Amino acid sequence: MSKEVWFIRHGESVSNANLPTTHPAESELTEKGHREAAYIAQAFTRKPDLIVVSPYIRARQTAVPTINRFNPVPVAEWPIFEFSYLHPEKYSGTTGDQRWPDAQAYWERMDPQEKEGGAGESFAEMLVRVQAMEAALQAAPEPFMAVFSHGLFLRAFLWMCLTGLREPTNRAMERYLLFSRGITMPNGSILKVRFEPDGRLFFSPFDTAHIPESLGLVDE
């Protein structure tokens with residue numbers, strides 16, 4: 001039997017809005033992000049059999065309206081947090097613009113084993129988490145799941161599925177970077193994927209039709 005998974009990127013966060021942050025796990029939703037979370041909950045036409053959430057606060061906050069709408073509903077926390085490759089201390093009191101030189105330098109080094117500053121997550125470690133999520137989804141008995149996660153992490157899953165690349169080589173890291181920068185996944189968007197028993201996957205586009213603000217139907 002096939003199963004359907006909705007991969008959902010969290011709503012707009014403080015970091016997305018280029019405001020000062022404290023830690024990659026602690027960037028909360030903005031007011032706009034909370035509105036996007038409410039719109040996501042209304043996008044469901046049936047109750048998920050399982051809701052999976054990242055431990056990062058912006059993803060958990062995004063899932064709350066959906067959890068409340070379908071309460072009681074099973075909820076599980078998986079290690080599907082964002083790929084935070086910079087040292088966590090570099091997020092303390094800084095904006096995305098201020099972190100950009102360090103981020104750019106990291107990608108220029110193109111070392112899949114590097115833990116930036118000794119505490120950032122390596123590209124290789126991130127790929128292990130992506131493959132673990134894929135295996136957990138395939139093993140899960142629930143036919144309809146909602147997964148609340150993050151842009152770079154979900155792009156890595158899509159990139160891996162489309163290219164078949166799984167080894168953390170320099171070339172793979174370079175190809176992932178080009179892919180992630182070329183694929184737009186807006187805050188609050190939904191990627192609907194059908195897993196077939198024979199291993200085939202069927203993808204939808206990144207859907208934002210449930211967010212009136214993305215269609216210019218609501219004044220900001």
# chains A, B, ... in the order shown; residues from 1 in each chain; ligands from 1
$ residues_around --residues "range 34-49 of chain A" --least-positions-apart "6" --cutoff "8 Å" --atoms "only C-alpha atoms" --output "list in words"
His10, Gly11, Glu12, Gln61, Thr62, Ala63, Val64, Pro65, Thr66, Arg69, Phe70, Val73, Pro74, Glu142, Pro143, Phe144, Met145, Ala146, Asn187, Gly188, His210 and Ile211 of chain A
$ residues_around --residues "His87 in chain A" --least-positions-apart "2" --cutoff "12 Å" --atoms "only C-alpha atoms" --output "number ranges by chain"
A: 22-24, 83-85, 89-92, 99, 102-103, 106, 114-122
$ residues_around --residues "Trp6 in chain A" --least-positions-apart "6" --cutoff "7 Å" --atoms "only C-alpha atoms" --output "MDAnalysis selection string"
chainID A and resid 145:147 190:193
$ write_last_selection --atoms "C-alpha atoms" --output "PDB file, in the first residue's frame"
ATOM      1  CA  MET A 145       2.045  11.607   7.781  1.00  0.00           C
ATOM      2  CA  ALA A 146       2.829  15.312   8.191  1.00  0.00           C
ATOM      3  CA  VAL A 147       6.495  16.192   8.712  1.00  0.00           C
ATOM      4  CA  ILE A 190       4.083  21.913   1.559  1.00  0.00           C
ATOM      5  CA  LEU A 191       5.831  19.243  -0.507  1.00  0.00           C
ATOM      6  CA  LYS A 192       3.458  16.294  -0.975  1.00  0.00           C
ATOM      7  CA  VAL A 193       5.175  12.968  -1.646  1.00  0.00           C
TER       8      VAL A 193
END
$ closest_residue --among "A:Ile8, A:Leu158, A:Met173, A:Ala25" --to "Phe203 in chain A" --atoms "only C-alpha atoms"
A:Leu158
$ closest_residue --among "A:Phe148, A:Phe7, A:Tyr56, A:Phe153" --to "Leu177 in chain A" --atoms "only C-alpha atoms"
A:Phe153
$ decode --residues "range 31-47 of chain A" --atoms "C-alpha atoms" --output "PDB file, in the first residue's frame"
ATOM      1  CA  GLU A  31       3.824  37.140  13.609  1.00  0.00           C
ATOM      2  CA  LYS A  32       3.749  36.311   9.913  1.00  0.00           C
ATOM      3  CA  GLY A  33       5.133  32.861  10.693  1.00  0.00           C
ATOM      4  CA  HIS A  34       2.320  32.198  13.167  1.00  0.00           C
ATOM      5  CA  ARG A  35      -0.219  33.185  10.508  1.00  0.00           C
ATOM      6  CA  GLU A  36       1.420  30.794   8.061  1.00  0.00           C
ATOM      7  CA  ALA A  37       1.213  28.022  10.664  1.00  0.00           C
ATOM      8  CA  ALA A  38      -2.537  28.639  10.999  1.00  0.00           C
ATOM      9  CA  TYR A  39      -2.964  28.496   7.218  1.00  0.00           C
ATOM     10  CA  ILE A  40      -1.091  25.188   7.101  1.00  0.00           C
ATOM     11  CA  ALA A  41      -3.514  23.633   9.575  1.00  0.00           C
ATOM     12  CA  GLN A  42      -6.431  24.578   7.341  1.00  0.00           C
ATOM     13  CA  ALA A  43      -4.757  23.015   4.284  1.00  0.00           C
ATOM     14  CA  PHE A  44      -5.453  19.497   5.552  1.00  0.00           C
ATOM     15  CA  THR A  45      -8.585  17.843   4.186  1.00  0.00           C
ATOM     16  CA  ARG A  46      -8.131  14.787   6.408  1.00  0.00           C
ATOM     17  CA  LYS A  47      -6.491  13.964   9.717  1.00  0.00           C
TER      18      LYS A  47
END
